[in-house]
>>> print(open('model.txt').read())   # compact mmCIF, C-alpha atoms
# COMPACT_ATOMS: atom_id res chain seq x y z
CA MET O 1 25.03 -50.32 -122.09
CA SER O 2 24.97 -50.07 -125.90
CA ALA O 3 27.23 -51.83 -128.39
CA GLY O 4 29.70 -48.92 -128.71
CA PRO O 5 30.54 -48.57 -125.01
CA LEU O 6 30.64 -52.36 -124.65
CA LYS O 7 33.24 -52.59 -127.41
CA GLU O 8 35.35 -49.98 -125.65
CA LEU O 9 34.92 -51.82 -122.36
CA ALA O 10 36.07 -55.02 -124.05
CA ARG O 11 39.23 -53.23 -125.21
CA VAL O 12 39.86 -52.00 -121.65
CA PHE O 13 39.61 -55.49 -120.21
CA ASP O 14 41.63 -56.97 -123.07
CA ARG O 15 44.52 -54.72 -121.98
CA VAL O 16 44.48 -56.29 -118.52
CA ALA O 17 43.63 -59.88 -119.47
CA ASP O 18 46.83 -61.34 -117.99
CA ALA O 19 46.38 -59.48 -114.70
CA TYR O 20 42.73 -60.48 -114.61
CA ASP O 21 43.57 -64.14 -115.10
CA ALA O 22 46.37 -64.15 -112.53
CA GLY O 23 44.92 -61.86 -109.89
CA ARG O 24 41.14 -62.16 -109.76
CA PRO O 25 39.79 -64.55 -107.12
CA GLY O 26 37.84 -67.64 -107.95
CA TYR O 27 34.58 -68.58 -106.29
CA PRO O 28 34.28 -70.82 -103.23
CA ASP O 29 32.77 -74.29 -103.45
CA GLU O 30 29.84 -73.02 -101.41
CA LEU O 31 28.78 -70.81 -104.31
CA TYR O 32 28.32 -73.77 -106.63
CA ARG O 33 26.50 -75.74 -103.93
CA ALA O 34 24.18 -72.79 -103.31
CA LEU O 35 23.62 -72.32 -107.04
CA GLY O 36 22.50 -75.92 -107.42
CA GLU O 37 20.37 -75.78 -104.29
CA LEU O 38 18.60 -72.51 -105.06
CA SER O 39 18.12 -73.12 -108.77
CA GLY O 40 17.15 -76.78 -108.71
CA VAL O 41 19.44 -77.25 -111.71
CA GLY O 42 21.98 -80.03 -111.34
CA LEU O 43 25.23 -78.72 -112.79
CA ALA O 44 26.40 -82.14 -113.97
CA GLY O 45 25.14 -82.49 -117.52
CA ALA O 46 23.48 -79.07 -117.64
CA THR O 47 24.11 -76.62 -120.48
CA ALA O 48 25.23 -73.28 -119.08
CA VAL O 49 25.78 -69.99 -120.91
CA ASP O 50 28.41 -67.99 -119.00
CA VAL O 51 27.84 -64.38 -120.07
CA GLY O 52 30.78 -62.01 -119.65
CA ALA O 53 32.99 -65.02 -119.07
CA GLY O 54 36.23 -63.04 -119.13
CA THR O 55 39.20 -65.36 -118.69
CA GLY O 56 36.92 -68.18 -117.60
CA ILE O 57 36.85 -68.14 -113.81
CA MET O 58 33.20 -69.18 -113.59
CA THR O 59 33.43 -71.15 -116.82
CA ARG O 60 36.09 -73.43 -115.34
CA GLY O 61 34.15 -73.83 -112.11
CA LEU O 62 31.01 -74.89 -113.95
CA ARG O 63 32.93 -77.17 -116.28
CA ALA O 64 34.72 -78.85 -113.35
CA ARG O 65 31.29 -79.74 -111.97
CA GLY O 66 30.17 -81.43 -115.16
CA ALA O 67 28.33 -78.65 -116.97
CA HIS O 68 28.57 -78.11 -120.71
CA VAL O 69 29.52 -74.43 -120.98
CA ILE O 70 29.11 -71.84 -123.71
CA ALA O 71 31.41 -68.95 -122.71
CA VAL O 72 30.41 -65.54 -124.10
CA ASP O 73 32.59 -62.43 -123.88
CA PRO O 74 33.16 -59.38 -126.12
CA GLY O 75 36.93 -59.30 -125.50
CA ALA O 76 39.20 -61.16 -127.91
CA ALA O 77 42.17 -61.29 -125.52
CA MET O 78 39.98 -62.32 -122.59
CA LEU O 79 38.47 -65.17 -124.61
CA ALA O 80 41.91 -66.22 -125.89
CA ARG O 81 43.11 -66.53 -122.30
CA LEU O 82 39.97 -68.50 -121.42
CA VAL O 83 40.52 -70.94 -124.27
CA THR O 84 44.19 -71.38 -123.36
CA ARG O 85 43.36 -72.16 -119.75
CA ILE O 86 40.55 -74.55 -120.68
CA ASP O 87 42.80 -76.35 -123.18
CA GLU O 88 45.48 -76.73 -120.51
CA GLU O 89 42.95 -78.38 -118.22
CA GLY O 90 41.60 -80.65 -120.96
CA ALA O 91 38.00 -79.52 -120.49
CA PRO O 92 36.48 -78.48 -123.83
CA VAL O 93 34.20 -75.47 -123.92
CA VAL O 94 32.49 -73.43 -126.64
CA ALA O 95 33.80 -69.83 -126.68
CA VAL O 96 31.79 -67.14 -128.47
CA ARG O 97 32.84 -63.52 -128.95
CA ALA O 98 29.69 -61.51 -128.30
CA ASP O 99 27.99 -59.56 -125.55
CA GLY O 100 25.05 -60.41 -123.34
CA ASN O 101 22.71 -57.84 -124.87
CA ALA O 102 22.55 -59.82 -128.12
CA LEU O 103 23.46 -63.48 -127.67
CA PRO O 104 24.20 -65.25 -130.98
CA LEU O 105 22.50 -68.41 -129.73
CA ALA O 106 19.32 -70.22 -130.67
CA ASP O 107 16.21 -70.13 -128.53
CA GLY O 108 15.89 -72.67 -125.75
CA VAL O 109 19.43 -74.08 -125.76
CA ALA O 110 20.40 -73.65 -122.09
CA ASP O 111 19.42 -74.77 -118.63
CA LEU O 112 21.33 -71.99 -116.90
CA VAL O 113 22.55 -68.48 -117.77
CA THR O 114 25.20 -67.06 -115.44
CA TYR O 115 26.59 -63.57 -115.02
CA ALA O 116 29.70 -63.79 -112.86
CA GLN O 117 31.05 -60.31 -112.11
CA SER O 118 29.51 -59.09 -115.37
CA TRP O 119 25.80 -58.23 -115.45
CA HIS O 120 26.32 -54.65 -114.22
CA TRP O 121 28.02 -53.85 -117.55
CA LEU O 122 24.93 -54.86 -119.58
CA ASP O 123 21.59 -53.33 -120.42
CA PRO O 124 19.34 -54.52 -117.56
CA VAL O 125 16.34 -55.10 -119.81
CA ALA O 126 17.91 -56.41 -123.04
CA SER O 127 20.28 -58.78 -121.25
CA ILE O 128 17.57 -60.47 -119.21
CA ALA O 129 15.32 -60.73 -122.27
CA GLU O 130 18.14 -62.50 -124.09
CA ALA O 131 18.73 -64.81 -121.15
CA ARG O 132 15.06 -65.74 -121.08
CA ARG O 133 15.11 -66.40 -124.82
CA VAL O 134 18.00 -68.86 -124.76
CA LEU O 135 16.72 -70.74 -121.70
CA ARG O 136 14.67 -73.88 -121.90
CA PRO O 137 11.39 -74.04 -119.96
CA GLY O 138 12.30 -74.17 -116.30
CA GLY O 139 15.70 -72.63 -116.96
CA VAL O 140 17.42 -70.39 -114.45
CA ILE O 141 19.29 -67.07 -114.43
CA ALA O 142 22.02 -66.47 -111.83
CA GLY O 143 24.16 -63.43 -111.10
CA CYS O 144 27.06 -63.45 -108.66
CA TRP O 145 29.77 -61.05 -107.53
CA ASN O 146 32.85 -61.46 -105.35
CA PHE O 147 33.36 -58.52 -102.99
CA HIS O 148 35.91 -57.58 -100.36
CA HIS O 149 34.18 -57.71 -96.98
CA ALA O 150 35.96 -54.58 -95.82
CA ALA O 151 33.96 -54.26 -92.61
CA GLN O 152 35.62 -57.44 -91.36
CA ALA O 153 39.22 -56.12 -91.37
CA ASP O 154 40.60 -52.65 -90.63
CA TRP O 155 43.52 -53.09 -93.02
CA LEU O 156 41.14 -53.95 -95.88
CA ALA O 157 38.88 -51.00 -95.11
CA ALA O 158 41.94 -48.72 -95.20
CA TYR O 159 43.02 -50.28 -98.52
CA GLU O 160 39.60 -49.48 -100.02
CA VAL O 161 39.67 -45.92 -98.67
CA ARG O 162 43.03 -45.32 -100.36
CA LEU O 163 41.46 -46.46 -103.65
CA ALA O 164 38.44 -44.22 -103.18
CA GLU O 165 40.67 -41.21 -102.51
CA ALA O 166 42.96 -41.82 -105.50
CA VAL O 167 40.71 -43.17 -108.27
CA PRO O 168 37.91 -40.94 -109.63
CA SER O 169 35.87 -43.82 -111.04
CA TYR O 170 36.32 -46.15 -108.05
CA ASN O 171 33.19 -48.07 -107.07
CA GLY O 172 33.45 -50.18 -103.96
CA PRO O 173 32.72 -50.67 -100.28
CA ALA O 174 34.49 -47.44 -99.22
CA LEU O 175 31.57 -45.48 -100.72
CA ASP O 176 28.46 -44.98 -98.60
CA GLU O 177 26.22 -45.40 -101.65
CA TRP O 178 27.87 -48.64 -102.80
CA SER O 179 25.71 -51.75 -103.11
CA ALA O 180 25.49 -55.00 -105.04
CA PRO O 181 24.25 -54.60 -108.63
CA PRO O 182 20.41 -54.64 -108.71
CA ILE O 183 19.99 -57.80 -110.74
CA ALA O 184 17.34 -59.01 -108.29
CA ALA O 185 15.00 -56.31 -109.61
CA ALA O 186 15.38 -57.57 -113.19
CA PHE O 187 13.68 -60.94 -112.82
CA GLU O 188 11.56 -63.01 -110.50
CA VAL O 189 14.05 -63.92 -107.81
CA VAL O 190 13.94 -67.32 -106.24
CA GLU O 191 16.41 -66.31 -103.58
CA GLU O 192 19.33 -64.05 -102.79
CA ARG O 193 22.23 -65.17 -100.64
CA TRP O 194 25.45 -63.71 -99.23
CA LEU O 195 28.22 -66.29 -98.83
CA PRO O 196 31.23 -65.34 -96.67
CA TRP O 197 34.62 -66.89 -97.35
CA THR O 198 38.32 -66.18 -96.84
CA ARG O 199 40.90 -65.77 -99.57
CA LEU O 200 44.54 -66.54 -98.83
CA VAL O 201 46.67 -64.75 -101.41
CA GLY O 202 50.15 -63.32 -101.81
CA ILE O 203 50.48 -59.55 -101.93
CA GLU O 204 51.73 -59.51 -105.53
CA ASP O 205 48.82 -61.60 -106.82
CA PHE O 206 46.45 -59.43 -104.81
CA LEU O 207 47.87 -56.35 -106.53
CA LEU O 208 47.58 -58.00 -109.94
CA GLY O 209 43.88 -58.29 -109.17
CA LEU O 210 43.81 -54.56 -108.43
CA ARG O 211 45.33 -53.80 -111.84
CA SER O 212 42.60 -55.83 -113.54
CA HIS O 213 39.80 -53.46 -112.52
CA SER O 214 38.39 -51.10 -115.14
CA TYR O 215 38.86 -48.08 -112.88
CA MET O 216 42.58 -48.84 -112.70
CA ALA O 217 42.86 -49.42 -116.44
CA ALA O 218 41.33 -45.98 -116.96
CA LEU O 219 44.20 -44.28 -115.12
CA ALA O 220 47.35 -43.04 -116.83
CA PRO O 221 49.95 -45.84 -116.55
CA GLU O 222 52.27 -43.83 -114.31
CA ARG O 223 49.38 -42.94 -111.99
CA ALA O 224 48.31 -46.57 -111.78
CA ASP O 225 51.90 -47.59 -111.00
CA GLU O 226 52.12 -45.01 -108.23
CA LEU O 227 48.91 -46.23 -106.63
CA VAL O 228 49.93 -49.88 -106.82
CA GLU O 229 53.29 -49.04 -105.26
CA ARG O 230 51.60 -47.15 -102.42
CA GLN O 231 49.30 -50.09 -101.75
CA ARG O 232 52.25 -52.48 -101.89
CA ALA O 233 54.19 -50.45 -99.32
CA GLU O 234 51.23 -50.30 -96.95
CA LEU O 235 50.48 -54.02 -97.27
CA ARG O 236 54.09 -55.09 -96.84
CA GLY O 237 54.31 -52.92 -93.75
CA GLU O 238 51.33 -54.71 -92.21
CA PHE O 239 52.07 -58.18 -93.55
CA PRO O 240 55.85 -58.64 -93.83
CA GLU O 241 55.40 -62.35 -94.50
CA GLY O 242 53.73 -61.37 -97.81
CA VAL O 243 50.49 -63.32 -97.42
CA LEU O 244 47.03 -61.81 -96.96
CA SER O 245 43.96 -63.36 -95.40
CA VAL O 246 41.25 -61.43 -97.20
CA PRO O 247 37.67 -61.55 -95.89
CA MET O 248 35.37 -61.95 -98.88
CA ARG O 249 31.69 -62.42 -99.54
CA VAL O 250 29.84 -63.53 -102.66
CA TYR O 251 26.46 -62.10 -103.51
CA LEU O 252 24.29 -64.60 -105.40
CA ALA O 253 20.86 -63.93 -106.91
CA VAL O 254 18.98 -66.77 -108.60
CA GLY O 255 15.74 -66.39 -110.53
CA ARG O 256 13.62 -67.68 -113.37
>>> encode(input="model.txt", output="structure tokens")
Amino acid sequence: MSAGPLKELARVFDRVADAYDAGRPGYPDELYRALGELSGVGLAGATAVDVGAGTGIMTRGLRARGAHVIAVDPGAAMLARLVTRIDEEGAPVVAVRADGNALPLADGVADLVTYAQSWHWLDPVASIAEARRVLRPGGVIAGCWNFHHAAQADWLAAYEVRLAEAVPSYNGPALDEWSAPPIAAAFEVVEERWLPWTRLVGIEDFLLGLRSHSYMAALAPERADELVERQRAELRGEFPEGVLSVPMRVYLAVGR
């Protein structure tokens, strides 16, 4: 994706920064264990460049495990939320407003470049070339995505079908052609891994996460409100206690 569309995408996500921060799931501990195991990079003391950092979900996870993190994102509001959250937790981080196709970083400064829920927005060739440039010898590239494991729960499959029927630009497990982004084809992969986990979340926070998706932000506000209300009614009907147990899985690809 070129600079123009990326700037527009940044504006889209900036509009939903609060919902993104409040509603998007984090990553399970097993992801970080697998990342260290597959990459051979010890997170404690490593320098990591978190590309497309958003509000800092992966950034905070890496920082909590002792990494020195440079968070890169094109969205001003997203980065502002990241910095606020990091400051609240007392864990300093370098935040840079830029995109992953042209990293404003020197050569050979990092041990690890991560794309958490972000690489699919970038140019597949330019982004990996930039990652290679900023890595030290022996450095590692890792891409990961959190997905609903809709095949594990009928209610979740129905939720995804309602999205597919209502949102023209929906891209998710309700589509036969849906798959994980093809980052594994962009570099020499050490290993790919799927990591199942379960997310316990209240319905309202779950729906905040829905609002944070670009396909929802592209809808007219009244149409988005109608869809969220429909999903709320369906979920409350099935889960009157207001808490969801959401089957999830993380796709992780690690390469050099």
>>> residues_around(input="model.txt", residues="stretch 101-111 of chain O", least_positions_apart="3", cutoff="12 Å", atoms="only C-alpha atoms", output="count of residues only")
60
>>> atom_distance(input="model.txt", atom1="atom CA of O:Ser212", atom2="atom CA of O:Asp21")
8.5 Å
>>> atom_distance(input="model.txt", atom1="atom CA of O:Leu62", atom2="atom CA of O:Ile183")
20.6 Å
>>> closest_residue(input="model.txt", among="O:Met248, O:Val254, O:Ala64, O:Ala76", to="O:Trp197", atoms="all atoms listed in the file")
O:Met248
>>> atom_distance(input="model.txt", atom1="atom CA of O:Leu82", atom2="atom CA of O:Val246")
25.3 Å
